[in-house]
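Shown next, in structure tokens, is the structure this report addresses.
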Amino acid sequence: MALIVGLPISVNYVNGRLIFERSQKVWIIFINVIKVLAFLISMHSVSKIIQAPLVRMALHACILGGFAINMITVIKRKQINTSIHNVTKLSRVVNSNIPIGNTFIKWLLLMHYFALTIFVAFMTSFFFYQEWENYRESEAFPLVTLHSNYDLCATVVFFSIIFSFCVSSNICGTMLLVCDSTYITLSNTIKAYGKNLKTRFRSGDFDQKSLTAETEMLNVITEQVEMADNALNMCAIMLYGMFVCLFYITVSIGFSKEERFKTKMVVGYIAWNFILAISLFRRLTMSGSGVNTESENLKDVSVECFRSIISSCADEPTLLAFSLLFGSIQDTNLVVTGGRIFVIDRSLYLTVAGTMVTYGVIIFQTNE
């Protein structure tokens with residue numbers, strides 16, 4: 001799926017190296033060159049074709065955001081692939097029976113491609129049918145002085161805008177699934193570790209050696225959470241930026257007074273756009289906050305284990321080993337972030353909701 005849009009993410013990862021076939025390398029280079037050309041044309045043309053300033057700004061932000069996520073993924077490809085490989089390996093070590101990634105990945109992929117189909121269908125209908133005559137007359141075609149076929153130039157520009165927007169959406173959807181599956185796997189791993197620890201203390205099967213091993217495993221889990229966050233935090237914050245842009249597009253078009261945005265097709269699209277943005281925002285927030293939730297649950301488990309070992313007849317070396325484990329669990333803060341700026345947790349719901357209400361009020365008052 002990642003290779004389709006030219007993202008260098010591969011399951012063939014051996015000894016710290018990405019393994020791509022020659023045809024895959026050629027495709028990645030080719031599609032990225034096409035993306036750069038389409039990006040340049042669309043960024044130049046959108047400002048001249050779309051007259052509504054807020055809609056123009058939001059569309060620019062979506063195209064630019066997808067391009068930025070693409071560049072981040074290319075730059076951090078080794079970190080991302082290493083993190084995915086290590087998290088998967090760690091999950092199998094802690095408990096081979098826990099699921100890796102999202103168990104509903106097939107449905108998510110189906111929704112992803114369905115959403116892309118809606119995007120392509122709407123933008124094609126909007127540019128090539130509903131607004132063809134209006135937009136083709138705008139002074140937005142840098143090649144028109146070099147080419148006598150005006151319709152061809154208009155087609156190239158419209159295709160570049162549609163291609164850039166849909167590729168940006170596809171890239172964002174792909175990286176959302178990567179972040180979602182990584183965060184879910186990490187939270188499941190932390191949960192399994194806490195469950196194994198609780199079972200060990202309830203059965204009384206603990207000694208200095210086993211507790212030292214549990215402390216080492218906790219350190220490995222902590223290291224992998226930090227590595228995953230370092231690899232994906234910039235993608236996460238850009239994804240949140242894209243979700244906010246989708247919200248802004250909905251609000252901007254909803255309050256726009258242009259008649260071209262009042263048709264049934266556009267109204268239906270912005271309704272779908274809003275529902276999709278909420279769904280994607282919820283998906284990333286729930287999976288990211290799961291890591292923090294399981295970290296807090298692990299601390300509760302350590303308190304329960306503390307009560308169990310106090311009432312037991314453990315020797316001094318065992319108590320010392322447990323004190324190190326207990327201190328490590330209490331001091332460890334297992335979280336994933338958006339660009340190291342904010343922690344991904346459920347408080348983001350209120351933050352974004354407040355932002356959108358404020359934005360909507362400002363746009364409403366401006367239009368009045």
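Residue names in the structure tokens use chain letters A, B, ... in the order shown, residue numbers from 1 in each chain, and ligand numbers from 1 in the order shown.
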Quick one: which range 206-297 of chain A residues come within 9 Å of range 58-77 of chain A, and what is the nearest atom pair for each with the distance in Å to one decimal, counting only C-alpha atoms, rows ordered by chain and ascending number, as a Markdown table?
```
| residue | atom | partner | partner_atom | distance |
| --- | --- | --- | --- | --- |
| A:Ala231 | CA | A:Lys76 | CA | 6.7 |
| A:Leu232 | CA | A:Lys76 | CA | 8.6 |
| A:Met234 | CA | A:Ile72 | CA | 7.3 |
| A:Cys235 | CA | A:Ile69 | CA | 5.9 |
| A:Met238 | CA | A:Gly65 | CA | 6.5 |
| A:Leu239 | CA | A:Ile69 | CA | 7.9 |
| A:Gly241 | CA | A:Gly65 | CA | 7.4 |
| A:Met242 | CA | A:Cys62 | CA | 6.0 |
| A:Phe243 | CA | A:Cys62 | CA | 8.9 |
| A:Cys245 | CA | A:Ala58 | CA | 5.7 |
| A:Leu246 | CA | A:Ala58 | CA | 7.6 |
| A:Tyr248 | CA | A:Ala58 | CA | 6.4 |
| A:Ile249 | CA | A:Ala58 | CA | 5.6 |
| A:Ser252 | CA | A:Ala58 | CA | 8.2 |
```
Take the residues just selected and output them with N, CA and C atoms as a PDB file, in the first residue's frame.
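Output file part30.pdb follows:
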```
ATOM      1  N   ALA A 231      10.279   8.192  15.707  1.00  0.00           N
ATOM      2  CA  ALA A 231      10.101   7.906  14.283  1.00  0.00           C
ATOM      3  C   ALA A 231       8.806   8.496  13.727  1.00  0.00           C
ATOM      4  N   LEU A 232       7.749   8.527  14.547  1.00  0.00           N
ATOM      5  CA  LEU A 232       6.420   8.857  14.028  1.00  0.00           C
ATOM      6  C   LEU A 232       5.847  10.171  14.540  1.00  0.00           C
ATOM      7  N   MET A 234       6.563  13.340  14.110  1.00  0.00           N
ATOM      8  CA  MET A 234       6.365  14.400  13.123  1.00  0.00           C
ATOM      9  C   MET A 234       5.225  14.056  12.161  1.00  0.00           C
ATOM     10  N   CYS A 235       5.130  12.779  11.809  1.00  0.00           N
ATOM     11  CA  CYS A 235       3.998  12.357  10.980  1.00  0.00           C
ATOM     12  C   CYS A 235       2.685  12.557  11.730  1.00  0.00           C
ATOM     13  N   MET A 238       1.647  16.230  11.777  1.00  0.00           N
ATOM     14  CA  MET A 238       1.188  16.638  10.455  1.00  0.00           C
ATOM     15  C   MET A 238      -0.180  16.044  10.145  1.00  0.00           C
ATOM     16  N   LEU A 239      -0.436  14.825  10.613  1.00  0.00           N
ATOM     17  CA  LEU A 239      -1.753  14.222  10.422  1.00  0.00           C
ATOM     18  C   LEU A 239      -2.826  15.018  11.159  1.00  0.00           C
ATOM     19  N   GLY A 241      -2.632  18.120  11.784  1.00  0.00           N
ATOM     20  CA  GLY A 241      -2.786  19.327  10.990  1.00  0.00           C
ATOM     21  C   GLY A 241      -3.701  19.107   9.797  1.00  0.00           C
ATOM     22  N   MET A 242      -3.584  17.933   9.156  1.00  0.00           N
ATOM     23  CA  MET A 242      -4.450  17.613   8.030  1.00  0.00           C
ATOM     24  C   MET A 242      -5.904  17.463   8.465  1.00  0.00           C
ATOM     25  N   PHE A 243      -6.126  16.842   9.628  1.00  0.00           N
ATOM     26  CA  PHE A 243      -7.496  16.695  10.127  1.00  0.00           C
ATOM     27  C   PHE A 243      -8.121  18.060  10.382  1.00  0.00           C
ATOM     28  N   CYS A 245      -7.300  20.781   8.892  1.00  0.00           N
ATOM     29  CA  CYS A 245      -7.562  21.377   7.580  1.00  0.00           C
ATOM     30  C   CYS A 245      -8.871  20.857   6.995  1.00  0.00           C
ATOM     31  N   LEU A 246      -9.139  19.569   7.166  1.00  0.00           N
ATOM     32  CA  LEU A 246     -10.409  19.016   6.692  1.00  0.00           C
ATOM     33  C   LEU A 246     -11.588  19.670   7.410  1.00  0.00           C
ATOM     34  N   TYR A 248     -11.506  22.689   8.673  1.00  0.00           N
ATOM     35  CA  TYR A 248     -11.545  24.065   8.169  1.00  0.00           C
ATOM     36  C   TYR A 248     -12.216  24.136   6.793  1.00  0.00           C
ATOM     37  N   ILE A 249     -11.913  23.152   5.931  1.00  0.00           N
ATOM     38  CA  ILE A 249     -12.550  23.119   4.617  1.00  0.00           C
ATOM     39  C   ILE A 249     -14.064  23.016   4.765  1.00  0.00           C
ATOM     40  N   SER A 252     -15.331  26.367   6.162  1.00  0.00           N
ATOM     41  CA  SER A 252     -15.147  27.445   5.190  1.00  0.00           C
ATOM     42  C   SER A 252     -16.158  27.348   4.048  1.00  0.00           C
TER      43      SER A 252
END
```
Fill in: All helix (DSSP H, G or I) residues (DSSP, backbone) inside range 46-197 of chain A, as a PyMOL selection string
chain A and resi 46-49+53-75+77-94+105-130+132-135+150-197
Worksheet item: Between A:Ala228, A:Ile309, A:Val336, A:Val26, which is the closest to Ser323 in chain A once you count only C-alpha atoms?
Response: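 Going through A:Ala228, A:Ile309, A:Val336, A:Val26 one by one, the smallest distance to Ser323 in chain A is for A:Ile309.
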Worksheet entry | Pick from A:Gln365, A:Asn219, A:Thr117, A:Ser312 nearest to Asp331 in chain A, counting only C-alpha atoms |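 Using only C-alpha atoms, the shortest distance to Asp331 in chain A belongs to A:Asn219.
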Can you pull out the residues contacting range 269-278 of chain A? Cut-off 10 Å, using only C-alpha atoms, and skip same-chain residues under 4 positions away; I want them as a PDB file with all heavy atoms, in the first residue's frame.
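Output file around_32.pdb follows:
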```pdb
ATOM      1  N   MET A 111     -12.359   1.271   3.940  1.00  0.00           N
ATOM      2  CA  MET A 111     -12.835   2.638   4.138  1.00  0.00           C
ATOM      3  C   MET A 111     -11.876   3.635   3.502  1.00  0.00           C
ATOM      4  O   MET A 111     -12.303   4.647   2.923  1.00  0.00           O
ATOM      5  CB  MET A 111     -12.987   2.932   5.630  1.00  0.00           C
ATOM      6  CG  MET A 111     -13.639   4.282   5.912  1.00  0.00           C
ATOM      7  SD  MET A 111     -13.774   4.661   7.665  1.00  0.00           S
ATOM      8  CE  MET A 111     -12.079   5.141   8.023  1.00  0.00           C
ATOM      9  N   HIS A 112     -10.585   3.353   3.602  1.00  0.00           N
ATOM     10  CA  HIS A 112      -9.570   4.246   3.028  1.00  0.00           C
ATOM     11  C   HIS A 112      -9.746   4.384   1.523  1.00  0.00           C
ATOM     12  O   HIS A 112      -9.797   5.505   0.992  1.00  0.00           O
ATOM     13  CB  HIS A 112      -8.187   3.696   3.363  1.00  0.00           C
ATOM     14  CG  HIS A 112      -7.060   4.397   2.681  1.00  0.00           C
ATOM     15  ND1 HIS A 112      -6.642   5.659   3.035  1.00  0.00           N
ATOM     16  CD2 HIS A 112      -6.268   4.020   1.631  1.00  0.00           C
ATOM     17  CE1 HIS A 112      -5.638   6.039   2.251  1.00  0.00           C
ATOM     18  NE2 HIS A 112      -5.396   5.060   1.399  1.00  0.00           N
ATOM     19  N   ALA A 115     -12.991   6.182   0.607  1.00  0.00           N
ATOM     20  CA  ALA A 115     -12.862   7.632   0.774  1.00  0.00           C
ATOM     21  C   ALA A 115     -12.092   8.242  -0.394  1.00  0.00           C
ATOM     22  O   ALA A 115     -12.448   9.319  -0.891  1.00  0.00           O
ATOM     23  CB  ALA A 115     -12.164   7.952   2.093  1.00  0.00           C
ATOM     24  N   ILE A 118     -14.345   8.573  -3.328  1.00  0.00           N
ATOM     25  CA  ILE A 118     -15.235   9.729  -3.167  1.00  0.00           C
ATOM     26  C   ILE A 118     -14.489  11.019  -3.521  1.00  0.00           C
ATOM     27  O   ILE A 118     -15.018  11.891  -4.224  1.00  0.00           O
ATOM     28  CB  ILE A 118     -15.782   9.803  -1.735  1.00  0.00           C
ATOM     29  CG1 ILE A 118     -16.654   8.581  -1.427  1.00  0.00           C
ATOM     30  CG2 ILE A 118     -16.568  11.096  -1.524  1.00  0.00           C
ATOM     31  CD1 ILE A 118     -17.924   8.504  -2.231  1.00  0.00           C
ATOM     32  N   PHE A 119     -13.241  11.145  -3.024  1.00  0.00           N
ATOM     33  CA  PHE A 119     -12.446  12.339  -3.317  1.00  0.00           C
ATOM     34  C   PHE A 119     -12.255  12.516  -4.824  1.00  0.00           C
ATOM     35  O   PHE A 119     -12.451  13.606  -5.368  1.00  0.00           O
ATOM     36  CB  PHE A 119     -11.077  12.254  -2.637  1.00  0.00           C
ATOM     37  CG  PHE A 119     -11.107  12.523  -1.163  1.00  0.00           C
ATOM     38  CD1 PHE A 119     -10.211  11.899  -0.309  1.00  0.00           C
ATOM     39  CD2 PHE A 119     -12.022  13.402  -0.614  1.00  0.00           C
ATOM     40  CE1 PHE A 119     -10.226  12.150   1.052  1.00  0.00           C
ATOM     41  CE2 PHE A 119     -12.053  13.656   0.741  1.00  0.00           C
ATOM     42  CZ  PHE A 119     -11.145  13.029   1.576  1.00  0.00           C
ATOM     43  N   PHE A 122     -15.623  13.333  -6.644  1.00  0.00           N
ATOM     44  CA  PHE A 122     -16.100  14.693  -6.409  1.00  0.00           C
ATOM     45  C   PHE A 122     -15.244  15.721  -7.134  1.00  0.00           C
ATOM     46  O   PHE A 122     -15.764  16.604  -7.832  1.00  0.00           O
ATOM     47  CB  PHE A 122     -16.101  15.005  -4.914  1.00  0.00           C
ATOM     48  CG  PHE A 122     -16.276  16.463  -4.621  1.00  0.00           C
ATOM     49  CD1 PHE A 122     -17.513  17.064  -4.751  1.00  0.00           C
ATOM     50  CD2 PHE A 122     -15.189  17.253  -4.244  1.00  0.00           C
ATOM     51  CE1 PHE A 122     -17.681  18.424  -4.516  1.00  0.00           C
ATOM     52  CE2 PHE A 122     -15.340  18.608  -4.001  1.00  0.00           C
ATOM     53  CZ  PHE A 122     -16.591  19.195  -4.140  1.00  0.00           C
ATOM     54  N   MET A 123     -13.932  15.652  -6.974  1.00  0.00           N
ATOM     55  CA  MET A 123     -13.064  16.671  -7.554  1.00  0.00           C
ATOM     56  C   MET A 123     -13.085  16.612  -9.078  1.00  0.00           C
ATOM     57  O   MET A 123     -13.018  17.651  -9.757  1.00  0.00           O
ATOM     58  CB  MET A 123     -11.640  16.519  -7.023  1.00  0.00           C
ATOM     59  CG  MET A 123     -11.550  16.718  -5.525  1.00  0.00           C
ATOM     60  SD  MET A 123      -9.873  16.990  -4.939  1.00  0.00           S
ATOM     61  CE  MET A 123      -9.577  18.671  -5.478  1.00  0.00           C
ATOM     62  N   TYR A 240      -2.514  15.437  12.380  1.00  0.00           N
ATOM     63  CA  TYR A 240      -3.475  16.268  13.103  1.00  0.00           C
ATOM     64  C   TYR A 240      -3.698  17.588  12.370  1.00  0.00           C
ATOM     65  O   TYR A 240      -4.824  18.112  12.342  1.00  0.00           O
ATOM     66  CB  TYR A 240      -2.996  16.517  14.531  1.00  0.00           C
ATOM     67  CG  TYR A 240      -3.345  15.406  15.480  1.00  0.00           C
ATOM     68  CD1 TYR A 240      -2.359  14.585  16.031  1.00  0.00           C
ATOM     69  CD2 TYR A 240      -4.668  15.157  15.827  1.00  0.00           C
ATOM     70  CE1 TYR A 240      -2.685  13.546  16.890  1.00  0.00           C
ATOM     71  CE2 TYR A 240      -5.003  14.119  16.684  1.00  0.00           C
ATOM     72  CZ  TYR A 240      -4.006  13.314  17.215  1.00  0.00           C
ATOM     73  OH  TYR A 240      -4.334  12.289  18.053  1.00  0.00           O
ATOM     74  N   MET A 242      -3.584  17.933   9.156  1.00  0.00           N
ATOM     75  CA  MET A 242      -4.450  17.613   8.030  1.00  0.00           C
ATOM     76  C   MET A 242      -5.904  17.463   8.465  1.00  0.00           C
ATOM     77  O   MET A 242      -6.820  17.905   7.768  1.00  0.00           O
ATOM     78  CB  MET A 242      -3.967  16.323   7.355  1.00  0.00           C
ATOM     79  CG  MET A 242      -2.656  16.447   6.634  1.00  0.00           C
ATOM     80  SD  MET A 242      -2.783  17.480   5.160  1.00  0.00           S
ATOM     81  CE  MET A 242      -3.750  16.422   4.098  1.00  0.00           C
ATOM     82  N   PHE A 243      -6.126  16.842   9.628  1.00  0.00           N
ATOM     83  CA  PHE A 243      -7.496  16.695  10.127  1.00  0.00           C
ATOM     84  C   PHE A 243      -8.121  18.060  10.382  1.00  0.00           C
ATOM     85  O   PHE A 243      -9.285  18.304  10.045  1.00  0.00           O
ATOM     86  CB  PHE A 243      -7.519  15.869  11.419  1.00  0.00           C
ATOM     87  CG  PHE A 243      -6.962  14.477  11.273  1.00  0.00           C
ATOM     88  CD1 PHE A 243      -6.389  13.820  12.345  1.00  0.00           C
ATOM     89  CD2 PHE A 243      -7.009  13.829  10.047  1.00  0.00           C
ATOM     90  CE1 PHE A 243      -5.881  12.540  12.214  1.00  0.00           C
ATOM     91  CE2 PHE A 243      -6.496  12.550   9.896  1.00  0.00           C
ATOM     92  CZ  PHE A 243      -5.928  11.911  10.982  1.00  0.00           C
ATOM     93  N   VAL A 244      -7.344  18.951  10.982  1.00  0.00           N
ATOM     94  CA  VAL A 244      -7.844  20.302  11.243  1.00  0.00           C
ATOM     95  C   VAL A 244      -8.151  21.010   9.927  1.00  0.00           C
ATOM     96  O   VAL A 244      -9.148  21.735   9.810  1.00  0.00           O
ATOM     97  CB  VAL A 244      -6.823  21.105  12.074  1.00  0.00           C
ATOM     98  CG1 VAL A 244      -7.248  22.570  12.173  1.00  0.00           C
ATOM     99  CG2 VAL A 244      -6.699  20.512  13.474  1.00  0.00           C
ATOM    100  N   CYS A 245      -7.300  20.781   8.892  1.00  0.00           N
ATOM    101  CA  CYS A 245      -7.562  21.377   7.580  1.00  0.00           C
ATOM    102  C   CYS A 245      -8.871  20.857   6.995  1.00  0.00           C
ATOM    103  O   CYS A 245      -9.630  21.621   6.375  1.00  0.00           O
ATOM    104  CB  CYS A 245      -6.417  21.076   6.619  1.00  0.00           C
ATOM    105  SG  CYS A 245      -4.923  22.037   6.939  1.00  0.00           S
ATOM    106  N   LEU A 246      -9.139  19.569   7.166  1.00  0.00           N
ATOM    107  CA  LEU A 246     -10.409  19.016   6.692  1.00  0.00           C
ATOM    108  C   LEU A 246     -11.588  19.670   7.410  1.00  0.00           C
ATOM    109  O   LEU A 246     -12.622  19.960   6.802  1.00  0.00           O
ATOM    110  CB  LEU A 246     -10.435  17.496   6.892  1.00  0.00           C
ATOM    111  CG  LEU A 246      -9.498  16.666   6.013  1.00  0.00           C
ATOM    112  CD1 LEU A 246      -9.572  15.198   6.387  1.00  0.00           C
ATOM    113  CD2 LEU A 246      -9.849  16.841   4.540  1.00  0.00           C
ATOM    114  N   PHE A 247     -11.432  19.899   8.723  1.00  0.00           N
ATOM    115  CA  PHE A 247     -12.469  20.617   9.470  1.00  0.00           C
ATOM    116  C   PHE A 247     -12.623  22.033   8.929  1.00  0.00           C
ATOM    117  O   PHE A 247     -13.746  22.528   8.758  1.00  0.00           O
ATOM    118  CB  PHE A 247     -12.116  20.665  10.960  1.00  0.00           C
ATOM    119  CG  PHE A 247     -12.227  19.344  11.664  1.00  0.00           C
ATOM    120  CD1 PHE A 247     -11.222  18.899  12.516  1.00  0.00           C
ATOM    121  CD2 PHE A 247     -13.335  18.532  11.501  1.00  0.00           C
ATOM    122  CE1 PHE A 247     -11.314  17.690  13.179  1.00  0.00           C
ATOM    123  CE2 PHE A 247     -13.443  17.309  12.152  1.00  0.00           C
ATOM    124  CZ  PHE A 247     -12.435  16.884  12.994  1.00  0.00           C
ATOM    125  N   TYR A 248     -11.506  22.689   8.673  1.00  0.00           N
ATOM    126  CA  TYR A 248     -11.545  24.065   8.169  1.00  0.00           C
ATOM    127  C   TYR A 248     -12.216  24.136   6.793  1.00  0.00           C
ATOM    128  O   TYR A 248     -12.949  25.084   6.504  1.00  0.00           O
ATOM    129  CB  TYR A 248     -10.137  24.649   8.080  1.00  0.00           C
ATOM    130  CG  TYR A 248      -9.551  25.084   9.409  1.00  0.00           C
ATOM    131  CD1 TYR A 248      -8.226  25.491   9.513  1.00  0.00           C
ATOM    132  CD2 TYR A 248     -10.326  25.099  10.564  1.00  0.00           C
ATOM    133  CE1 TYR A 248      -7.691  25.902  10.724  1.00  0.00           C
ATOM    134  CE2 TYR A 248      -9.799  25.501  11.785  1.00  0.00           C
ATOM    135  CZ  TYR A 248      -8.485  25.897  11.854  1.00  0.00           C
ATOM    136  OH  TYR A 248      -7.962  26.300  13.054  1.00  0.00           O
ATOM    137  N   ILE A 249     -11.913  23.152   5.931  1.00  0.00           N
ATOM    138  CA  ILE A 249     -12.550  23.119   4.617  1.00  0.00           C
ATOM    139  C   ILE A 249     -14.064  23.016   4.765  1.00  0.00           C
ATOM    140  O   ILE A 249     -14.836  23.714   4.088  1.00  0.00           O
ATOM    141  CB  ILE A 249     -12.011  21.947   3.780  1.00  0.00           C
ATOM    142  CG1 ILE A 249     -10.578  22.221   3.329  1.00  0.00           C
ATOM    143  CG2 ILE A 249     -12.891  21.699   2.562  1.00  0.00           C
ATOM    144  CD1 ILE A 249      -9.942  21.079   2.565  1.00  0.00           C
ATOM    145  N   THR A 250     -14.507  22.142   5.676  1.00  0.00           N
ATOM    146  CA  THR A 250     -15.938  21.969   5.903  1.00  0.00           C
ATOM    147  C   THR A 250     -16.587  23.265   6.365  1.00  0.00           C
ATOM    148  O   THR A 250     -17.615  23.696   5.829  1.00  0.00           O
ATOM    149  CB  THR A 250     -16.179  20.867   6.955  1.00  0.00           C
ATOM    150  OG1 THR A 250     -15.580  19.644   6.501  1.00  0.00           O
ATOM    151  CG2 THR A 250     -17.664  20.646   7.177  1.00  0.00           C
ATOM    152  N   VAL A 251     -15.977  23.915   7.367  1.00  0.00           N
ATOM    153  CA  VAL A 251     -16.533  25.150   7.902  1.00  0.00           C
ATOM    154  C   VAL A 251     -16.462  26.272   6.866  1.00  0.00           C
ATOM    155  O   VAL A 251     -17.429  27.032   6.679  1.00  0.00           O
ATOM    156  CB  VAL A 251     -15.792  25.564   9.194  1.00  0.00           C
ATOM    157  CG1 VAL A 251     -16.298  26.919   9.682  1.00  0.00           C
ATOM    158  CG2 VAL A 251     -15.983  24.515  10.277  1.00  0.00           C
ATOM    159  N   SER A 252     -15.331  26.367   6.162  1.00  0.00           N
ATOM    160  CA  SER A 252     -15.147  27.445   5.190  1.00  0.00           C
ATOM    161  C   SER A 252     -16.158  27.348   4.048  1.00  0.00           C
ATOM    162  O   SER A 252     -16.775  28.348   3.658  1.00  0.00           O
ATOM    163  CB  SER A 252     -13.720  27.410   4.629  1.00  0.00           C
ATOM    164  OG  SER A 252     -12.763  27.579   5.651  1.00  0.00           O
ATOM    165  N   ILE A 253     -16.321  26.135   3.492  1.00  0.00           N
ATOM    166  CA  ILE A 253     -17.283  25.957   2.403  1.00  0.00           C
ATOM    167  C   ILE A 253     -18.706  26.122   2.921  1.00  0.00           C
ATOM    168  O   ILE A 253     -19.574  26.684   2.242  1.00  0.00           O
ATOM    169  CB  ILE A 253     -17.098  24.583   1.737  1.00  0.00           C
ATOM    170  CG1 ILE A 253     -15.727  24.521   1.039  1.00  0.00           C
ATOM    171  CG2 ILE A 253     -18.204  24.307   0.730  1.00  0.00           C
ATOM    172  CD1 ILE A 253     -15.435  23.189   0.379  1.00  0.00           C
ATOM    173  N   GLY A 254     -18.955  25.657   4.149  1.00  0.00           N
ATOM    174  CA  GLY A 254     -20.290  25.770   4.722  1.00  0.00           C
ATOM    175  C   GLY A 254     -20.744  27.212   4.871  1.00  0.00           C
ATOM    176  O   GLY A 254     -21.927  27.529   4.694  1.00  0.00           O
ATOM    177  N   PHE A 261     -20.590  26.672  -4.437  1.00  0.00           N
ATOM    178  CA  PHE A 261     -20.438  25.799  -3.284  1.00  0.00           C
ATOM    179  C   PHE A 261     -21.779  25.467  -2.615  1.00  0.00           C
ATOM    180  O   PHE A 261     -21.799  24.890  -1.523  1.00  0.00           O
ATOM    181  CB  PHE A 261     -19.507  26.443  -2.248  1.00  0.00           C
ATOM    182  CG  PHE A 261     -18.093  26.620  -2.734  1.00  0.00           C
ATOM    183  CD1 PHE A 261     -17.432  27.825  -2.556  1.00  0.00           C
ATOM    184  CD2 PHE A 261     -17.433  25.584  -3.363  1.00  0.00           C
ATOM    185  CE1 PHE A 261     -16.129  27.987  -3.005  1.00  0.00           C
ATOM    186  CE2 PHE A 261     -16.135  25.738  -3.814  1.00  0.00           C
ATOM    187  CZ  PHE A 261     -15.481  26.953  -3.633  1.00  0.00           C
ATOM    188  N   THR A 263     -24.295  23.797  -4.354  1.00  0.00           N
ATOM    189  CA  THR A 263     -24.947  22.700  -5.060  1.00  0.00           C
ATOM    190  C   THR A 263     -25.054  21.471  -4.170  1.00  0.00           C
ATOM    191  O   THR A 263     -24.337  21.334  -3.175  1.00  0.00           O
ATOM    192  CB  THR A 263     -24.153  22.338  -6.327  1.00  0.00           C
ATOM    193  OG1 THR A 263     -22.841  21.884  -5.953  1.00  0.00           O
ATOM    194  CG2 THR A 263     -24.018  23.547  -7.248  1.00  0.00           C
ATOM    195  N   LYS A 264     -25.958  20.575  -4.536  1.00  0.00           N
ATOM    196  CA  LYS A 264     -26.171  19.362  -3.746  1.00  0.00           C
ATOM    197  C   LYS A 264     -24.909  18.505  -3.680  1.00  0.00           C
ATOM    198  O   LYS A 264     -24.613  17.891  -2.656  1.00  0.00           O
ATOM    199  CB  LYS A 264     -27.325  18.559  -4.338  1.00  0.00           C
ATOM    200  CG  LYS A 264     -28.691  19.230  -4.194  1.00  0.00           C
ATOM    201  CD  LYS A 264     -29.795  18.349  -4.764  1.00  0.00           C
ATOM    202  CE  LYS A 264     -31.161  19.011  -4.595  1.00  0.00           C
ATOM    203  NZ  LYS A 264     -32.242  18.173  -5.160  1.00  0.00           N
ATOM    204  N   MET A 265     -24.172  18.471  -4.795  1.00  0.00           N
ATOM    205  CA  MET A 265     -22.946  17.665  -4.826  1.00  0.00           C
ATOM    206  C   MET A 265     -21.929  18.184  -3.823  1.00  0.00           C
ATOM    207  O   MET A 265     -21.320  17.397  -3.077  1.00  0.00           O
ATOM    208  CB  MET A 265     -22.348  17.696  -6.227  1.00  0.00           C
ATOM    209  CG  MET A 265     -21.061  16.873  -6.371  1.00  0.00           C
ATOM    210  SD  MET A 265     -20.376  16.923  -8.037  1.00  0.00           S
ATOM    211  CE  MET A 265     -19.861  18.638  -8.148  1.00  0.00           C
ATOM    212  N   ARG A 282     -10.526  10.582  15.449  1.00  0.00           N
ATOM    213  CA  ARG A 282     -10.818   9.659  16.555  1.00  0.00           C
ATOM    214  C   ARG A 282      -9.910   8.435  16.503  1.00  0.00           C
ATOM    215  O   ARG A 282      -9.410   7.978  17.540  1.00  0.00           O
ATOM    216  CB  ARG A 282     -12.278   9.228  16.491  1.00  0.00           C
ATOM    217  CG  ARG A 282     -12.669   8.225  17.578  1.00  0.00           C
ATOM    218  CD  ARG A 282     -14.081   7.728  17.412  1.00  0.00           C
ATOM    219  NE  ARG A 282     -14.381   6.689  18.395  1.00  0.00           N
ATOM    220  CZ  ARG A 282     -14.073   5.413  18.247  1.00  0.00           C
ATOM    221  NH1 ARG A 282     -13.434   5.019  17.135  1.00  0.00           N
ATOM    222  NH2 ARG A 282     -14.361   4.518  19.175  1.00  0.00           N
ATOM    223  N   ARG A 283      -9.659   7.906  15.296  1.00  0.00           N
ATOM    224  CA  ARG A 283      -8.837   6.710  15.143  1.00  0.00           C
ATOM    225  C   ARG A 283      -7.430   6.929  15.686  1.00  0.00           C
ATOM    226  O   ARG A 283      -6.910   6.129  16.459  1.00  0.00           O
ATOM    227  CB  ARG A 283      -8.782   6.337  13.667  1.00  0.00           C
ATOM    228  CG  ARG A 283      -7.997   5.113  13.286  1.00  0.00           C
ATOM    229  CD  ARG A 283      -8.695   3.852  13.717  1.00  0.00           C
ATOM    230  NE  ARG A 283      -8.196   3.392  15.015  1.00  0.00           N
ATOM    231  CZ  ARG A 283      -8.842   2.612  15.818  1.00  0.00           C
ATOM    232  NH1 ARG A 283     -10.060   2.196  15.529  1.00  0.00           N
ATOM    233  NH2 ARG A 283      -8.314   2.229  16.958  1.00  0.00           N
ATOM    234  N   TYR A 349      -9.705  15.928  22.131  1.00  0.00           N
ATOM    235  CA  TYR A 349     -11.071  16.100  21.649  1.00  0.00           C
ATOM    236  C   TYR A 349     -11.592  17.494  21.988  1.00  0.00           C
ATOM    237  O   TYR A 349     -12.128  18.213  21.136  1.00  0.00           O
ATOM    238  CB  TYR A 349     -11.993  15.042  22.256  1.00  0.00           C
ATOM    239  CG  TYR A 349     -11.807  13.660  21.700  1.00  0.00           C
ATOM    240  CD1 TYR A 349     -11.422  12.605  22.509  1.00  0.00           C
ATOM    241  CD2 TYR A 349     -12.029  13.384  20.350  1.00  0.00           C
ATOM    242  CE1 TYR A 349     -11.258  11.330  22.007  1.00  0.00           C
ATOM    243  CE2 TYR A 349     -11.863  12.114  19.840  1.00  0.00           C
ATOM    244  CZ  TYR A 349     -11.486  11.092  20.673  1.00  0.00           C
ATOM    245  OH  TYR A 349     -11.319   9.829  20.163  1.00  0.00           O
TER     246      TYR A 349
END
```
Fill in: A:Ile237, A:Ile310, A:Val157, A:Val87 ranked by distance to Ile100 in chain A, top pick (using only C-alpha atoms)
A:Val87
Fill in: strand (DSSP E) residues, from DSSP on the backbone, in range 287-352 of chain A, as a list in words
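DSSP on the backbone gives strand (DSSP E) at Thr337, Gly338, Phe342 and Val343 of chain A.
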Discussion item. If I take CA of Val178 in chain A and CA of Ser160 in chain A, how far is one from the other in Å, to one decimal?
Written reply: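 Distance reported for this atom pair: 26.5 Å.
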